[in-house]
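> Take a look at the following structure, please.
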Amino acid sequence: MNKVSPSIISSKLETLGNEISACDNADVFSYHLDVMDGHFVPNLTMGPDLVKAIRRSTERTLETHLMIERPDKYYKSFIDAGSDILLIHEECLVDFRKLISDIKGEGAGFGIVLNPDTPFSKAERFMEDSQILLIMSVHPGFSGQKFIDYVLPKIAEARKYIDEQGLKTKIEIDGGITDITGKKALDAGADILVSASYIFSGNIGERIKILQNL
Ligand code: DX5
Ligand code: ZN
């Protein structure tokens, strides 16, 4: 069964508890929480209080994708809110050595994120410390965008590197994932599929099962 991580950004927020129950019942691997600050990306989403509410609704892993300019300033609020793993963009201008050690010091996991145009080579120095390598297959900011095919060779390159180095890092793909593009990403070597609009625009349980069984 493939690992699926629903991004609740596209769920019916007025009945979020029900949406989360439907995902839990479909045996999702984790939840993907998209945090946007209107600076790093041109959109605004959730803060730590919503993460806290989600933490109270499920026992599964919460991975928080920080699309914000200052992850060094806010990482702790999201860990305190219940995030298990923080996903940080390589494109952020922060002192990564300090940030990674601070995140781990708080008992949380770290993952590195690459935008579609950032090459895999930029992630190499983070790989030993990363539980997850998140490869963006859309330009971050909005759900419902089209999958960018040119990231597929990057997934394959990362897969080869991880296998050759014997690392445990999981490759996660985020953006435009459907039954068609999810299959392409898995074939290229991805381990975890993030999906927002595909899952929440249909029957949640059925859509998750489709992605799990690609
Ligand atoms: C994009 C976010 C994604 C997005 C996925 O900025 O990081 O997680 O919500 O949405 P879909 O699956 O609709 O492309
Ligand atoms: Zn995301």
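Ordering of the structure tokens sets the chain letters (A, B, ...); residue numbers start at 1 within each chain; ligands are numbered from 1 in the order shown.
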Considering only C-alpha atoms, return as a ChimeraX atom specification whatever protein or nucleic-acid residues lie within 7 Å of region 32-37 of chain A, sequence-local ones (same chain, fewer than 3 positions apart) excluded.
/A:5-9,40-41,43-47,62-68,194
> Could the residues in this selection be saved with N, CA, C and O atoms as an mmCIF file, in the first residue's frame?

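Wrote it out as selection-v1.cif, contents follow:
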```
data_model
loop_
_atom_site.group_PDB
_atom_site.id
_atom_site.type_symbol
_atom_site.label_atom_id
_atom_site.label_comp_id
_atom_site.auth_asym_id
_atom_site.auth_seq_id
_atom_site.Cartn_x
_atom_site.Cartn_y
_atom_site.Cartn_z
ATOM 1 N N SER A 5 -0.495 11.169 2.210
ATOM 2 C CA SER A 5 -0.554 12.237 3.211
ATOM 3 C C SER A 5 -1.496 13.329 2.717
ATOM 4 O O SER A 5 -1.123 14.140 1.869
ATOM 5 N N PRO A 6 -2.743 13.353 3.208
ATOM 6 C CA PRO A 6 -3.674 14.381 2.739
ATOM 7 C C PRO A 6 -3.278 15.763 3.243
ATOM 8 O O PRO A 6 -2.923 15.922 4.408
ATOM 9 N N SER A 7 -3.347 16.736 2.339
ATOM 10 C CA SER A 7 -3.148 18.129 2.738
ATOM 11 C C SER A 7 -4.525 18.711 3.009
ATOM 12 O O SER A 7 -5.326 18.872 2.089
ATOM 13 N N ILE A 8 -4.793 19.024 4.273
ATOM 14 C CA ILE A 8 -6.156 19.400 4.659
ATOM 15 C C ILE A 8 -6.534 20.816 4.197
ATOM 16 O O ILE A 8 -7.656 21.256 4.407
ATOM 17 N N ILE A 9 -5.614 21.472 3.506
ATOM 18 C CA ILE A 9 -5.879 22.815 2.977
ATOM 19 C C ILE A 9 -7.132 22.830 2.089
ATOM 20 O O ILE A 9 -7.843 23.816 2.008
ATOM 21 N N PHE A 40 6.676 34.410 1.738
ATOM 22 C CA PHE A 40 7.460 33.378 1.044
ATOM 23 C C PHE A 40 6.677 32.858 -0.152
ATOM 24 O O PHE A 40 7.233 32.484 -1.175
ATOM 25 N N VAL A 41 5.343 32.812 0.015
ATOM 26 C CA VAL A 41 4.425 32.470 -1.073
ATOM 27 C C VAL A 41 3.269 33.475 -1.032
ATOM 28 O O VAL A 41 2.986 34.031 0.032
ATOM 29 N N ASN A 43 0.164 33.639 -0.522
ATOM 30 C CA ASN A 43 -1.106 33.165 0.014
ATOM 31 C C ASN A 43 -0.959 33.019 1.523
ATOM 32 O O ASN A 43 0.161 32.917 2.035
ATOM 33 N N LEU A 44 -2.073 32.995 2.208
ATOM 34 C CA LEU A 44 -2.087 32.848 3.671
ATOM 35 C C LEU A 44 -2.920 31.629 4.031
ATOM 36 O O LEU A 44 -4.013 31.452 3.484
ATOM 37 N N THR A 45 -2.424 30.829 4.968
ATOM 38 C CA THR A 45 -3.261 29.704 5.414
ATOM 39 C C THR A 45 -3.309 29.658 6.934
ATOM 40 O O THR A 45 -3.716 30.619 7.557
ATOM 41 N N MET A 46 -2.871 28.530 7.489
ATOM 42 C CA MET A 46 -3.121 28.298 8.923
ATOM 43 C C MET A 46 -1.934 28.668 9.819
ATOM 44 O O MET A 46 -0.804 28.796 9.344
ATOM 45 N N GLY A 47 -2.236 28.780 11.108
ATOM 46 C CA GLY A 47 -1.193 29.004 12.102
ATOM 47 C C GLY A 47 -1.225 27.891 13.139
ATOM 48 O O GLY A 47 -1.962 26.911 12.991
ATOM 49 N N LEU A 62 1.800 14.291 12.146
ATOM 50 C CA LEU A 62 1.512 15.592 11.529
ATOM 51 C C LEU A 62 2.810 16.158 10.976
ATOM 52 O O LEU A 62 3.747 16.425 11.734
ATOM 53 N N GLU A 63 2.846 16.331 9.662
ATOM 54 C CA GLU A 63 4.014 16.987 9.072
ATOM 55 C C GLU A 63 3.577 18.369 8.620
ATOM 56 O O GLU A 63 2.549 18.534 7.979
ATOM 57 N N THR A 64 4.361 19.358 9.031
ATOM 58 C CA THR A 64 3.992 20.742 8.777
ATOM 59 C C THR A 64 4.952 21.350 7.761
ATOM 60 O O THR A 64 6.164 21.402 7.983
ATOM 61 N N HIS A 65 4.380 21.749 6.631
ATOM 62 C CA HIS A 65 5.143 22.293 5.504
ATOM 63 C C HIS A 65 5.159 23.809 5.648
ATOM 64 O O HIS A 65 4.161 24.478 5.393
ATOM 65 N N LEU A 66 6.294 24.329 6.090
ATOM 66 C CA LEU A 66 6.388 25.765 6.382
ATOM 67 C C LEU A 66 6.794 26.547 5.133
ATOM 68 O O LEU A 66 7.977 26.567 4.766
ATOM 69 N N MET A 67 5.818 27.172 4.515
ATOM 70 C CA MET A 67 6.116 28.057 3.371
ATOM 71 C C MET A 67 6.111 29.485 3.905
ATOM 72 O O MET A 67 5.221 30.286 3.629
ATOM 73 N N ILE A 68 7.123 29.743 4.746
ATOM 74 C CA ILE A 68 7.196 31.050 5.420
ATOM 75 C C ILE A 68 8.638 31.536 5.356
ATOM 76 O O ILE A 68 9.578 30.745 5.248
ATOM 77 N N VAL A 194 1.560 13.360 -1.376
ATOM 78 C CA VAL A 194 0.739 14.395 -0.737
ATOM 79 C C VAL A 194 -0.370 14.757 -1.732
ATOM 80 O O VAL A 194 -0.115 14.851 -2.927
#
```
> Hey, could you make a per-residue contact list for chain A against ligand 1 with 7 Å as the cut-off, showing the nearest pair of atoms and its distance in Å to one decimal, counting only C-alpha atoms and all ligand atoms, sorted by chain and number, as a Markdown table?

```
| residue | atom | partner | partner_atom_place_in_ligand_line | distance |
| --- | --- | --- | --- | --- |
| A:Ser7 | CA | ligand 1 | 8 (O) | 5.6 |
| A:Ile9 | CA | ligand 1 | 9 (O) | 5.8 |
| A:Ser10 | CA | ligand 1 | 13 (O) | 7.0 |
| A:His32 | CA | ligand 1 | 8 (O) | 6.9 |
| A:Asp34 | CA | ligand 1 | 7 (O) | 5.6 |
| A:His65 | CA | ligand 1 | 7 (O) | 6.8 |
| A:Val138 | CA | ligand 1 | 1 (C) | 6.6 |
| A:His139 | CA | ligand 1 | 6 (O) | 6.5 |
| A:Pro140 | CA | ligand 1 | 6 (O) | 3.3 |
| A:Gly141 | CA | ligand 1 | 6 (O) | 3.7 |
| A:Phe142 | CA | ligand 1 | 6 (O) | 4.5 |
| A:Ser143 | CA | ligand 1 | 10 (O) | 3.4 |
| A:Gly144 | CA | ligand 1 | 13 (O) | 3.6 |
| A:Gln145 | CA | ligand 1 | 14 (O) | 5.1 |
| A:Lys146 | CA | ligand 1 | 14 (O) | 6.9 |
| A:Asp174 | CA | ligand 1 | 8 (O) | 5.4 |
| A:Gly175 | CA | ligand 1 | 14 (O) | 3.6 |
| A:Gly176 | CA | ligand 1 | 14 (O) | 3.6 |
| A:Ile177 | CA | ligand 1 | 12 (O) | 5.3 |
| A:Val194 | CA | ligand 1 | 12 (O) | 6.4 |
| A:Ser195 | CA | ligand 1 | 12 (O) | 3.7 |
| A:Ala196 | CA | ligand 1 | 12 (O) | 3.7 |
| A:Ser197 | CA | ligand 1 | 13 (O) | 3.7 |
| A:Tyr198 | CA | ligand 1 | 12 (O) | 6.0 |
```
> Just the selected residues (N, CA and C atoms), exported as a PDB file, in the first residue's frame, please.

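To be explicit, this is the file written out as out.pdb:
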```pdb
ATOM      1  N   SER A   7      -3.347  16.736   2.339  1.00  0.00           N
ATOM      2  CA  SER A   7      -3.148  18.129   2.738  1.00  0.00           C
ATOM      3  C   SER A   7      -4.525  18.711   3.009  1.00  0.00           C
ATOM      4  N   ILE A   9      -5.614  21.472   3.506  1.00  0.00           N
ATOM      5  CA  ILE A   9      -5.879  22.815   2.977  1.00  0.00           C
ATOM      6  C   ILE A   9      -7.132  22.830   2.089  1.00  0.00           C
ATOM      7  N   SER A  10      -7.413  21.705   1.415  1.00  0.00           N
ATOM      8  CA  SER A  10      -8.569  21.650   0.506  1.00  0.00           C
ATOM      9  C   SER A  10      -9.770  20.941   1.119  1.00  0.00           C
ATOM     10  N   HIS A  32      -0.568  16.346   6.042  1.00  0.00           N
ATOM     11  CA  HIS A  32       0.334  17.365   5.519  1.00  0.00           C
ATOM     12  C   HIS A  32      -0.323  18.727   5.755  1.00  0.00           C
ATOM     13  N   ASP A  34      -0.208  22.662   5.388  1.00  0.00           N
ATOM     14  CA  ASP A  34       0.423  23.708   4.579  1.00  0.00           C
ATOM     15  C   ASP A  34       0.302  25.063   5.246  1.00  0.00           C
ATOM     16  N   HIS A  65       4.380  21.749   6.631  1.00  0.00           N
ATOM     17  CA  HIS A  65       5.143  22.293   5.504  1.00  0.00           C
ATOM     18  C   HIS A  65       5.159  23.809   5.648  1.00  0.00           C
ATOM     19  N   VAL A 138       4.594  21.504  -7.916  1.00  0.00           N
ATOM     20  CA  VAL A 138       3.974  22.768  -8.351  1.00  0.00           C
ATOM     21  C   VAL A 138       4.766  23.872  -7.670  1.00  0.00           C
ATOM     22  N   HIS A 139       4.611  25.099  -8.165  1.00  0.00           N
ATOM     23  CA  HIS A 139       5.208  26.227  -7.449  1.00  0.00           C
ATOM     24  C   HIS A 139       4.316  26.482  -6.233  1.00  0.00           C
ATOM     25  N   PRO A 140       4.904  26.465  -5.028  1.00  0.00           N
ATOM     26  CA  PRO A 140       4.066  26.477  -3.835  1.00  0.00           C
ATOM     27  C   PRO A 140       3.236  27.752  -3.716  1.00  0.00           C
ATOM     28  N   GLY A 141       2.102  27.625  -3.060  1.00  0.00           N
ATOM     29  CA  GLY A 141       1.236  28.776  -2.822  1.00  0.00           C
ATOM     30  C   GLY A 141      -0.241  28.427  -2.898  1.00  0.00           C
ATOM     31  N   PHE A 142      -0.583  27.503  -3.783  1.00  0.00           N
ATOM     32  CA  PHE A 142      -2.003  27.196  -3.976  1.00  0.00           C
ATOM     33  C   PHE A 142      -2.197  25.718  -4.267  1.00  0.00           C
ATOM     34  N   SER A 143      -3.307  25.189  -3.770  1.00  0.00           N
ATOM     35  CA  SER A 143      -3.667  23.832  -4.170  1.00  0.00           C
ATOM     36  C   SER A 143      -4.409  23.926  -5.503  1.00  0.00           C
ATOM     37  N   GLY A 144      -4.598  22.783  -6.142  1.00  0.00           N
ATOM     38  CA  GLY A 144      -5.358  22.754  -7.393  1.00  0.00           C
ATOM     39  C   GLY A 144      -4.556  23.098  -8.635  1.00  0.00           C
ATOM     40  N   GLN A 145      -3.226  23.151  -8.538  1.00  0.00           N
ATOM     41  CA  GLN A 145      -2.415  23.442  -9.725  1.00  0.00           C
ATOM     42  C   GLN A 145      -2.050  22.139 -10.441  1.00  0.00           C
ATOM     43  N   LYS A 146      -1.510  22.320 -11.655  1.00  0.00           N
ATOM     44  CA  LYS A 146      -1.185  21.165 -12.489  1.00  0.00           C
ATOM     45  C   LYS A 146       0.221  20.642 -12.160  1.00  0.00           C
ATOM     46  N   ASP A 174       4.710  16.579  -3.768  1.00  0.00           N
ATOM     47  CA  ASP A 174       3.630  17.490  -3.338  1.00  0.00           C
ATOM     48  C   ASP A 174       3.264  18.448  -4.466  1.00  0.00           C
ATOM     49  N   GLY A 175       2.026  18.330  -4.928  1.00  0.00           N
ATOM     50  CA  GLY A 175       1.500  19.288  -5.906  1.00  0.00           C
ATOM     51  C   GLY A 175       0.939  18.604  -7.136  1.00  0.00           C
ATOM     52  N   GLY A 176      -0.374  18.766  -7.339  1.00  0.00           N
ATOM     53  CA  GLY A 176      -0.994  18.231  -8.549  1.00  0.00           C
ATOM     54  C   GLY A 176      -1.066  16.716  -8.599  1.00  0.00           C
ATOM     55  N   ILE A 177      -1.065  16.081  -7.432  1.00  0.00           N
ATOM     56  CA  ILE A 177      -1.092  14.601  -7.422  1.00  0.00           C
ATOM     57  C   ILE A 177      -2.522  14.087  -7.635  1.00  0.00           C
ATOM     58  N   VAL A 194       1.560  13.360  -1.376  1.00  0.00           N
ATOM     59  CA  VAL A 194       0.739  14.395  -0.737  1.00  0.00           C
ATOM     60  C   VAL A 194      -0.370  14.757  -1.732  1.00  0.00           C
ATOM     61  N   SER A 195      -1.574  14.940  -1.234  1.00  0.00           N
ATOM     62  CA  SER A 195      -2.629  15.360  -2.156  1.00  0.00           C
ATOM     63  C   SER A 195      -3.686  16.156  -1.412  1.00  0.00           C
ATOM     64  N   ALA A 196      -4.098  17.267  -2.012  1.00  0.00           N
ATOM     65  CA  ALA A 196      -5.164  18.097  -1.431  1.00  0.00           C
ATOM     66  C   ALA A 196      -6.406  18.015  -2.303  1.00  0.00           C
ATOM     67  N   SER A 197      -6.399  18.690  -3.458  1.00  0.00           N
ATOM     68  CA  SER A 197      -7.636  18.830  -4.230  1.00  0.00           C
ATOM     69  C   SER A 197      -8.150  17.495  -4.773  1.00  0.00           C
ATOM     70  N   TYR A 198      -7.262  16.599  -5.161  1.00  0.00           N
ATOM     71  CA  TYR A 198      -7.746  15.308  -5.693  1.00  0.00           C
ATOM     72  C   TYR A 198      -8.533  14.553  -4.615  1.00  0.00           C
TER      73      TYR A 198
END
```
> As number ranges by chain, please: every residue in chain A that DSSP puts in alpha helix (DSSP H).
A: 16-25, 48-57, 71-80, 96-105, 152-165, 179-188, 197-200, 204-212
> I'd like to know which of A:Leu93, A:Leu114, A:Leu86, A:Val51 is closest to Glu69 (chain A), using only C-alpha atoms.
A:Leu93
> What's around Ala185 (chain A) at 9 Å? Count only C-alpha atoms, leave out sequence neighbours fewer than 5 positions away in its own chain, and write the answer as a list in words.
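Skipping anything fewer than 5 positions along the chain leaves Val151, Leu152, Ile155, Ala156, Ile173, Ile177, Ala190, Asp191 and Leu193 of chain A.
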> Kindly export the residues of the current selection with N, CA and C atoms, as an mmCIF file, in the first residue's frame.

```cif
data_model
loop_
_atom_site.group_PDB
_atom_site.id
_atom_site.type_symbol
_atom_site.label_atom_id
_atom_site.label_comp_id
_atom_site.auth_asym_id
_atom_site.auth_seq_id
_atom_site.Cartn_x
_atom_site.Cartn_y
_atom_site.Cartn_z
ATOM 1 N N VAL A 151 9.795 17.585 -12.930
ATOM 2 C CA VAL A 151 10.413 17.189 -11.657
ATOM 3 C C VAL A 151 10.649 15.677 -11.576
ATOM 4 N N LEU A 152 10.112 14.925 -12.527
ATOM 5 C CA LEU A 152 10.234 13.455 -12.436
ATOM 6 C C LEU A 152 11.700 12.979 -12.428
ATOM 7 N N ILE A 155 13.132 13.255 -8.983
ATOM 8 C CA ILE A 155 12.735 12.181 -8.062
ATOM 9 C C ILE A 155 13.653 10.976 -8.285
ATOM 10 N N ALA A 156 13.872 10.645 -9.547
ATOM 11 C CA ALA A 156 14.705 9.480 -9.873
ATOM 12 C C ALA A 156 16.139 9.687 -9.365
ATOM 13 N N ILE A 173 6.249 13.629 -2.574
ATOM 14 C CA ILE A 173 5.964 14.500 -3.714
ATOM 15 C C ILE A 173 4.694 15.282 -3.425
ATOM 16 N N ILE A 177 -1.065 16.081 -7.432
ATOM 17 C CA ILE A 177 -1.092 14.601 -7.422
ATOM 18 C C ILE A 177 -2.522 14.087 -7.635
ATOM 19 N N ALA A 190 9.159 7.882 -5.813
ATOM 20 C CA ALA A 190 8.603 8.542 -4.620
ATOM 21 C C ALA A 190 8.053 7.502 -3.641
ATOM 22 N N ASP A 191 8.104 7.856 -2.331
ATOM 23 C CA ASP A 191 7.594 6.964 -1.280
ATOM 24 C C ASP A 191 6.238 7.423 -0.736
ATOM 25 N N LEU A 193 2.818 10.159 -1.184
ATOM 26 C CA LEU A 193 2.067 11.076 -2.047
ATOM 27 C C LEU A 193 1.290 12.062 -1.188
#
```
> Within 12 Å of Gly202 (chain A), counting only C-alpha atoms, which residues qualify if same-chain residues fewer than 5 places away don't, as a short mmCIF file (atom, residue, chain, number, x, y, z; two decimals) with N, CA, C and O atoms, in the first residue's frame?

```
data_model
loop_
_atom_site.label_atom_id
_atom_site.label_comp_id
_atom_site.auth_asym_id
_atom_site.auth_seq_id
_atom_site.Cartn_x
_atom_site.Cartn_y
_atom_site.Cartn_z
N SER A 10 -7.41 21.70 1.42
CA SER A 10 -8.57 21.65 0.51
C SER A 10 -9.77 20.94 1.12
O SER A 10 -10.73 20.67 0.41
N SER A 11 -9.70 20.62 2.40
CA SER A 11 -10.84 19.91 3.00
C SER A 11 -11.94 20.92 3.36
O SER A 11 -11.72 22.12 3.32
N LYS A 12 -13.10 20.38 3.73
CA LYS A 12 -14.20 21.27 4.15
C LYS A 12 -13.88 21.71 5.56
O LYS A 12 -14.11 20.96 6.52
N GLU A 19 -13.77 15.35 8.25
CA GLU A 19 -12.84 15.09 7.14
C GLU A 19 -11.64 14.27 7.66
O GLU A 19 -11.18 13.34 7.02
N ALA A 22 -12.59 10.67 8.23
CA ALA A 22 -12.64 9.93 6.96
C ALA A 22 -11.22 9.55 6.52
O ALA A 22 -10.99 8.44 6.02
N THR A 178 -2.65 13.22 -8.62
CA THR A 178 -3.91 12.55 -8.95
C THR A 178 -3.60 11.06 -9.16
O THR A 178 -2.44 10.65 -8.98
N ALA A 196 -4.10 17.27 -2.01
CA ALA A 196 -5.16 18.10 -1.43
C ALA A 196 -6.41 18.02 -2.30
O ALA A 196 -7.38 17.34 -1.98
N SER A 197 -6.40 18.69 -3.46
CA SER A 197 -7.64 18.83 -4.23
C SER A 197 -8.15 17.49 -4.77
O SER A 197 -9.36 17.28 -4.81
N ARG A 207 -10.96 8.10 -2.82
CA ARG A 207 -9.80 8.73 -3.47
C ARG A 207 -8.49 8.30 -2.79
O ARG A 207 -7.49 8.04 -3.46
N ILE A 208 -8.51 8.21 -1.46
CA ILE A 208 -7.30 7.78 -0.75
C ILE A 208 -6.95 6.35 -1.14
O ILE A 208 -5.79 6.04 -1.44
N LYS A 209 -7.96 5.49 -1.19
CA LYS A 209 -7.72 4.08 -1.57
C LYS A 209 -7.10 4.00 -2.97
O LYS A 209 -6.19 3.21 -3.21
N ILE A 210 -7.62 4.83 -3.89
CA ILE A 210 -7.07 4.82 -5.26
C ILE A 210 -5.57 5.14 -5.22
O ILE A 210 -4.76 4.44 -5.81
#
```
> Measuring atom to atom with only C-alpha atoms and all ligand atoms, identify which of A:Ile199, A:Ala158, A:Leu13, A:Ile135 is nearest to ligand 2.
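Of A:Ile199, A:Ala158, A:Leu13, A:Ile135, the one nearest ligand 2, counting only C-alpha atoms and all ligand atoms, is A:Ile135.
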> Tell me which protein, DNA and RNA residues are within 12 Å of Gly105 (chain A), counting only C-alpha atoms, leaving out same-chain ones fewer than 4 positions away, and put them as a count of residues only.
9
> Using only C-alpha atoms, which protein or nucleic acid residues come within 10 Å of Ala53 (chain A)? Drop anything in the same chain fewer than 4 positions from it, and give the result as a count of residues only.
8
> With distances taken over only C-alpha atoms, which of A:Asp24, A:Asp84, A:Glu128, A:Asp179 is nearest to Gly166 (chain A)?
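Nearest candidate to Gly166 (chain A) out of A:Asp24, A:Asp84, A:Glu128, A:Asp179: A:Glu128.
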> Extract, using only C-alpha atoms, all DNA, RNA and protein residues at most 10 Å from Lys122 (chain A), discarding same-chain residues fewer than 5 positions from it, and format them as a list in words.
Glu90, Glu91, Ile112, Leu114 and Met127 of chain A
